[in-house]
Structure formats: structure tokens, C-alpha cells
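Peer 1: Once you've had a glance at the structure underneath, I'll fire off some questions.
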Amino acid sequence: MIGFVLTGNLIQLKKEKKRADKKKISLSEITVIIPFRNEEKRIVNLLKSITKSLEKPKDILFVNDHSEDDGENTIKHLLKNIPHQIIQLNKGESGKKAAIKKGIENTKSKYILTIDADVSFGEMYFKNIETIYENDLCILPVDIQSNGIYKIFALDVLLANSLNISANSFFRPIMASGANLLFKKHSYLKYEDISQHLHIRSGDDIYLLKKFNDQNINIDIYTNSNLKVYTKEGSSISEIINQRSRWLSKMRHVKDYYSNSLAFFQGLISIVFLSFLIIGWNYFSVQHYLYIIIFKGIIDQLSLLPYFFRLNKMKEWTILSFFIMIHPIYSLLILIAATNKKRLWKKRPLVDTF
């Protein structure tokens, strides 16, 4: 699997250098859609990022998903000198997918850029969007920022993104994040049908990706740090595991066999290595046992060095071996959490039952 990731990332770099024959996207063609629900505190960093941006897109559209706090007034206050719109979901409409669809129906732009309400970005972010080449769907980078011990939990996202890049290099992407996703409005309206999965409140990104993949629609992945948005890691281990279990549930509901196959082989490799360590305890001396662990750690570290260096994530790279060692246990906790059918998302059931 390490070889798959390393080779795939090298192929991705070559792909990114061969896009020059396409036309670039203009900010005048883009509407930014930002769904929000009870984001009064978390949305401040996003609003500050918008005010500091040196250039702005054609339209900025906020969609209120029945918020119960003062988030809407926070938007109006901090963006009072910046053109924007706020629309409301109607009674009977709810969830991020419905919010994005509502936003798309209220814009005439050629392109849609969805951003989560809790992200931030640099002052050149919107300007750098104009370095993107025209395509039906562009998956843009999201950086999860964490401190202290929580840095180790951001590694699963970095490794998953690395696997996604490799999966795209060999065949097609398996993940996308609605926190930073650009797509053609026409393609969305033609192929997406949220009625099939509207009862699952989350997953706007992965379902759209699945639909585009099924139709063999053109998709690009960008890893350029200039196109990155930032979001903060959860404030507790429980919150992090619940978030990851929600992501896992989305993948399970989508039933992407390519993605599931890669996840199966990755899990199988982890289980085999863990079993080897447990059984080997009875056959190897402590010295040889440590040699095996250290050798695997060195292979993992060196193989993924180019990827972490390119993302300027060298601090996370230094603890990579330790994370890989605890990954089977960490994954098991996420699997257990994913079996809970009563989980809430933004104070509502993650999946509506009928």
C-alpha cells in the first residue's frame, strides 16, 4: 500500500504539470455558497478571511439551515461593507445538501464554490482560484489544524488524502470535501439527485463525487497550498472519533466499491502486521522484535517524506511511525462509534428515519 501511495503521488505531480492546455476559471464566473446552522462562534474566522481577501468572487451566498443562534446577524455585521446574500431554507427543508441545492437554484453563475462555515483562508485565496483550469469538478485542499497531542489525529486525514491522490492517479478519486469544492453548476443540475439520499443530512461532497464518477465526469484534484482552506481539529478525542465515524458512515452509505476495496486492503495490512507483532512476541528476542518495528517505521517514514514535505507537514511526519502503530486500535474505536445509529449532527439526527 505504501508503494501504491508513493507511486500515485508522483503520477499526480506529473498530471498537475499537464493542465496548461485548458482555460482558467475567472472569479467573475463563481458564486460561493456557504451553508450554515448554529455557527455564530465558528463562522467569525471565515468572515474575517472574506473581509481581508484582496479579491472577491462574483457572489457570496449564505444559506441559513434553520439556525437557532445569532449567526445571521454576525454575518450581516462583519460583512456590512461587502456585497453578499443570505437566504433561508423553507419549512420542511433541512440539511447541508438541501442548503447547497437551494443556493444553486438562486444563482446564475457558471461555477459554484462550496465552503464550510468554520473554515478560514489567506488573503490571496480567491485570487488563486483563478489558477484553476476549467473542469466539471475540482477537489481543493483542506488543512485540519491541531495543537499538542491532537496533531497525531490529523495524520489520518493526511494519509487519507494521500491515498485519495493515488487512487485518482491510477483510476479516479474516492473522496472530496465540501469544505472546499468547486464544480460546474450545469453538471450539478444535470447529474445530481439529492432526493435519493436527502434523509442522510451529511455527505453532500461524497455523493456528488460518486454521481460524477458514475457518469465519468472530468474531475481534478489540486494539492497546491495556495488553494487551501483551514479548519480546526476537534477539541476532544471523543469529538474527533465521532467526526471520523460520521465520515466513515458517509463512505458506507455511498457504496463505492473502489473505495471500499482500498479501505479493505489497508485494514487487512494493518491487521496482518498487528497479528505478526502479537504472534512474534513468542518467537523473537526483544532485540529482533525492535529491529522489525524500527525497520517498518523507517520504510513508512521515508516513503511518505515527499508527500509530507510538499504539504509542509514535517512536524506531523516525525510522529508518523507512532501513529501507524496505534492506527489499528484507533480505527477500531471509529468503527464502533460508526455503529451508533442515534448519532446527532448539529443537534439533529444524522440520518432521518421514516
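Labels for the C-alpha cells follow display order: chains A, B, ..., residues from 1 in each chain, ligands from 1.
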Show which residues sit within 9 Å of Ile132 in chain A, as a PyMOL selection string. Count only C-alpha atoms, and ignore same-chain residues fewer than 4 positions away.
Peer 2: chain A and resi 23-26+128+138+222
Peer 1: Env of range 61-78 of chain A: 9 Å cut, atoms = only C-alpha atoms, seq-sep filter 2 positions within chain, self excluded. Answer as a VMD selection string.
Peer 2: chain A and resid 31 to 41 43 to 44 47 to 48 51 59 80 to 82 84 to 91 93 to 96 98 to 100 102 to 103 106 to 107
Peer 1: For the contact check between range 260-315 of chain A and range 160-171 of chain A, emit one row per residue of range 260-315 of chain A within 10 Å, containing the shortest atom pair and the distance in Å rounded to one decimal, counting only C-alpha atoms, chain then rising number order, as CSV.
Peer 2:
```
residue,atom,partner,partner_atom,distance
A:Leu262,CA,A:Ala167,CA,8.6
A:Ala263,CA,A:Leu163,CA,9.6
A:Gln266,CA,A:Leu163,CA,10.0
A:Leu304,CA,A:Ser162,CA,8.9
A:Tyr307,CA,A:Ser162,CA,7.5
A:Phe308,CA,A:Ser162,CA,9.3
```
Peer 1: Could you list, as an mmCIF file with N, CA and C atoms, in the first residue's frame, every residue within 10 Å of Ile149 in chain A, counting only C-alpha atoms and ignoring same-chain residues fewer than 4 positions away?
Peer 2:
```cif
data_model
loop_
_atom_site.group_PDB
_atom_site.id
_atom_site.type_symbol
_atom_site.label_atom_id
_atom_site.label_comp_id
_atom_site.auth_asym_id
_atom_site.auth_seq_id
_atom_site.Cartn_x
_atom_site.Cartn_y
_atom_site.Cartn_z
ATOM 1 N N PHE A 153 -3.846 13.022 15.537
ATOM 2 C CA PHE A 153 -5.111 12.598 14.949
ATOM 3 C C PHE A 153 -5.345 13.226 13.572
ATOM 4 N N ALA A 154 -4.638 14.312 13.278
ATOM 5 C CA ALA A 154 -4.744 14.905 11.942
ATOM 6 C C ALA A 154 -4.033 14.050 10.903
ATOM 7 N N ILE A 237 -10.854 14.010 22.138
ATOM 8 C CA ILE A 237 -10.712 12.750 21.405
ATOM 9 C C ILE A 237 -12.077 12.207 21.023
#
```
Peer 1: Can you tell me how far CA of His186 in chain A sits from CA of Tyr111 in chain A, in Å to one decimal?
Peer 2: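 Between CA of His186 in chain A and CA of Tyr111 in chain A the gap works out to 8.3 Å.
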Peer 1: At what distance in Å, to one decimal, does CA of Lys58 in chain A lie from CA of Asn180 in chain A?
Peer 2: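 Distance between the two atoms: 16.8 Å.
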Peer 1: Residues of range 174-236 of chain A in strand (DSSP E or B) according to DSSP, as a ChimeraX atom specification?
Peer 2: /A:180-184,200,219-221,229-232
Peer 1: Would you output that residue set with all heavy atoms, as a tab-separated table (two decimals), in the first residue's frame?
Peer 2:
```tsv
chain	number	residue	atom	x	y	z
A	180	ASN	N	-14.28	22.74	0.60
A	180	ASN	CA	-13.50	23.45	-0.42
A	180	ASN	C	-13.67	22.70	-1.73
A	180	ASN	O	-12.79	21.94	-2.14
A	180	ASN	CB	-12.03	23.51	0.00
A	180	ASN	CG	-11.25	24.59	-0.73
A	180	ASN	OD1	-11.82	25.48	-1.36
A	180	ASN	ND2	-9.93	24.53	-0.65
A	181	LEU	N	-14.79	22.92	-2.38
A	181	LEU	CA	-15.14	22.14	-3.56
A	181	LEU	C	-15.70	23.05	-4.65
A	181	LEU	O	-16.59	23.86	-4.40
A	181	LEU	CB	-16.19	21.09	-3.18
A	181	LEU	CG	-16.44	19.93	-4.16
A	181	LEU	CD1	-15.18	19.08	-4.32
A	181	LEU	CD2	-17.60	19.06	-3.68
A	182	LEU	N	-15.16	22.92	-5.85
A	182	LEU	CA	-15.54	23.77	-6.98
A	182	LEU	C	-16.12	22.90	-8.10
A	182	LEU	O	-15.52	21.89	-8.46
A	182	LEU	CB	-14.31	24.53	-7.49
A	182	LEU	CG	-14.51	25.48	-8.67
A	182	LEU	CD1	-15.32	26.70	-8.25
A	182	LEU	CD2	-13.16	25.92	-9.22
A	183	PHE	N	-17.28	23.30	-8.64
A	183	PHE	CA	-17.88	22.49	-9.70
A	183	PHE	C	-18.77	23.34	-10.60
A	183	PHE	O	-19.19	24.45	-10.22
A	183	PHE	CB	-18.69	21.32	-9.12
A	183	PHE	CG	-19.69	21.72	-8.07
A	183	PHE	CD1	-20.98	22.11	-8.42
A	183	PHE	CD2	-19.35	21.71	-6.72
A	183	PHE	CE1	-21.92	22.46	-7.46
A	183	PHE	CE2	-20.28	22.07	-5.74
A	183	PHE	CZ	-21.56	22.45	-6.11
A	184	LYS	N	-19.04	22.82	-11.79
A	184	LYS	CA	-19.92	23.50	-12.73
A	184	LYS	C	-21.37	23.35	-12.29
A	184	LYS	O	-21.83	22.25	-11.98
A	184	LYS	CB	-19.75	22.91	-14.13
A	184	LYS	CG	-18.54	23.40	-14.89
A	184	LYS	CD	-18.53	22.84	-16.30
A	184	LYS	CE	-17.30	23.33	-17.07
A	184	LYS	NZ	-17.26	22.74	-18.44
A	200	ILE	N	-30.08	11.46	4.61
A	200	ILE	CA	-28.77	11.49	5.29
A	200	ILE	C	-28.28	12.93	5.22
A	200	ILE	O	-27.91	13.42	4.15
A	200	ILE	CB	-27.78	10.53	4.61
A	200	ILE	CG1	-28.35	9.12	4.57
A	200	ILE	CG2	-26.44	10.54	5.33
A	200	ILE	CD1	-27.54	8.15	3.74
A	219	ILE	N	-12.78	15.17	-13.49
A	219	ILE	CA	-12.51	15.59	-12.11
A	219	ILE	C	-11.01	15.85	-11.95
A	219	ILE	O	-10.18	15.09	-12.44
A	219	ILE	CB	-12.95	14.50	-11.10
A	219	ILE	CG1	-14.45	14.23	-11.24
A	219	ILE	CG2	-12.61	14.93	-9.68
A	219	ILE	CD1	-14.92	13.03	-10.44
A	220	ASP	N	-10.69	16.93	-11.25
A	220	ASP	CA	-9.30	17.26	-10.94
A	220	ASP	C	-9.11	17.33	-9.42
A	220	ASP	O	-10.03	17.74	-8.70
A	220	ASP	CB	-8.91	18.62	-11.53
A	220	ASP	CG	-8.24	18.49	-12.89
A	220	ASP	OD1	-7.73	17.40	-13.20
A	220	ASP	OD2	-8.24	19.49	-13.64
A	221	ILE	N	-7.92	16.95	-8.96
A	221	ILE	CA	-7.54	17.16	-7.57
A	221	ILE	C	-6.38	18.15	-7.55
A	221	ILE	O	-5.41	17.99	-8.29
A	221	ILE	CB	-7.11	15.85	-6.89
A	221	ILE	CG1	-8.30	14.89	-6.77
A	221	ILE	CG2	-6.53	16.13	-5.50
A	221	ILE	CD1	-7.94	13.58	-6.08
A	229	VAL	N	-7.89	25.77	2.33
A	229	VAL	CA	-8.63	26.40	3.43
A	229	VAL	C	-8.28	25.64	4.70
A	229	VAL	O	-7.84	24.50	4.66
A	229	VAL	CB	-10.17	26.37	3.20
A	229	VAL	CG1	-10.54	27.13	1.94
A	229	VAL	CG2	-10.71	24.95	3.15
A	230	TYR	N	-8.49	26.30	5.83
A	230	TYR	CA	-8.08	25.73	7.12
A	230	TYR	C	-9.30	25.53	8.02
A	230	TYR	O	-10.21	26.37	8.05
A	230	TYR	CB	-7.08	26.66	7.82
A	230	TYR	CG	-5.84	26.93	7.01
A	230	TYR	CD1	-5.80	28.00	6.11
A	230	TYR	CD2	-4.72	26.13	7.13
A	230	TYR	CE1	-4.67	28.26	5.35
A	230	TYR	CE2	-3.58	26.39	6.38
A	230	TYR	CZ	-3.56	27.45	5.49
A	230	TYR	OH	-2.44	27.70	4.73
A	231	THR	N	-9.30	24.44	8.72
A	231	THR	CA	-10.34	24.19	9.72
A	231	THR	C	-9.68	23.61	10.96
A	231	THR	O	-8.62	22.98	10.87
A	231	THR	CB	-11.42	23.24	9.17
A	231	THR	OG1	-12.48	23.12	10.12
A	231	THR	CG2	-10.85	21.86	8.89
A	232	LYS	N	-10.30	23.81	12.11
A	232	LYS	CA	-9.69	23.36	13.36
A	232	LYS	C	-10.13	21.95	13.71
A	232	LYS	O	-11.28	21.56	13.48
A	232	LYS	CB	-10.04	24.32	14.49
A	232	LYS	CG	-9.38	25.68	14.36
A	232	LYS	CD	-9.67	26.57	15.56
A	232	LYS	CE	-8.95	27.91	15.43
A	232	LYS	NZ	-9.22	28.80	16.60
```
Peer 1: Pull the closest atom pair for each residue of range 61-168 of chain A that gets at most 7 Å from range 311-330 of chain A, along with the distance in Å to one decimal, counting only C-alpha atoms, ordering rows by chain and then ascending residue number, as a Markdown table.
Peer 2:
```
| residue | atom | partner | partner_atom | distance |
| --- | --- | --- | --- | --- |
| A:Lys151 | CA | A:Glu316 | CA | 6.7 |
| A:Ile152 | CA | A:Phe323 | CA | 6.5 |
| A:Leu155 | CA | A:Glu316 | CA | 6.8 |
```
Peer 1: Could you go through range 209-354 of chain A and tell me which residues DSSP, when run on the backbone, assigns to helix (DSSP H, G or I), listing them as JSON, numbers by chain?
Peer 2: {"A": [209, 210, 211, 212, 213, 214, 225, 226, 227, 237, 238, 239, 240, 241, 242, 243, 244, 245, 246, 247, 248, 249, 250, 251, 252, 253, 254, 257, 258, 259, 260, 261, 262, 263, 264, 265, 266, 267, 268, 269, 270, 271, 272, 273, 274, 275, 276, 277, 278, 279, 280, 286, 287, 288, 289, 290, 291, 292, 293, 294, 295, 296, 297, 298, 299, 300, 301, 302, 303, 304, 305, 306, 307, 308, 309, 310, 314, 315, 316, 317, 318, 320, 321, 322, 323, 324, 325, 326, 327, 328, 329, 330, 331, 332, 333, 334, 335, 336, 337, 338]}
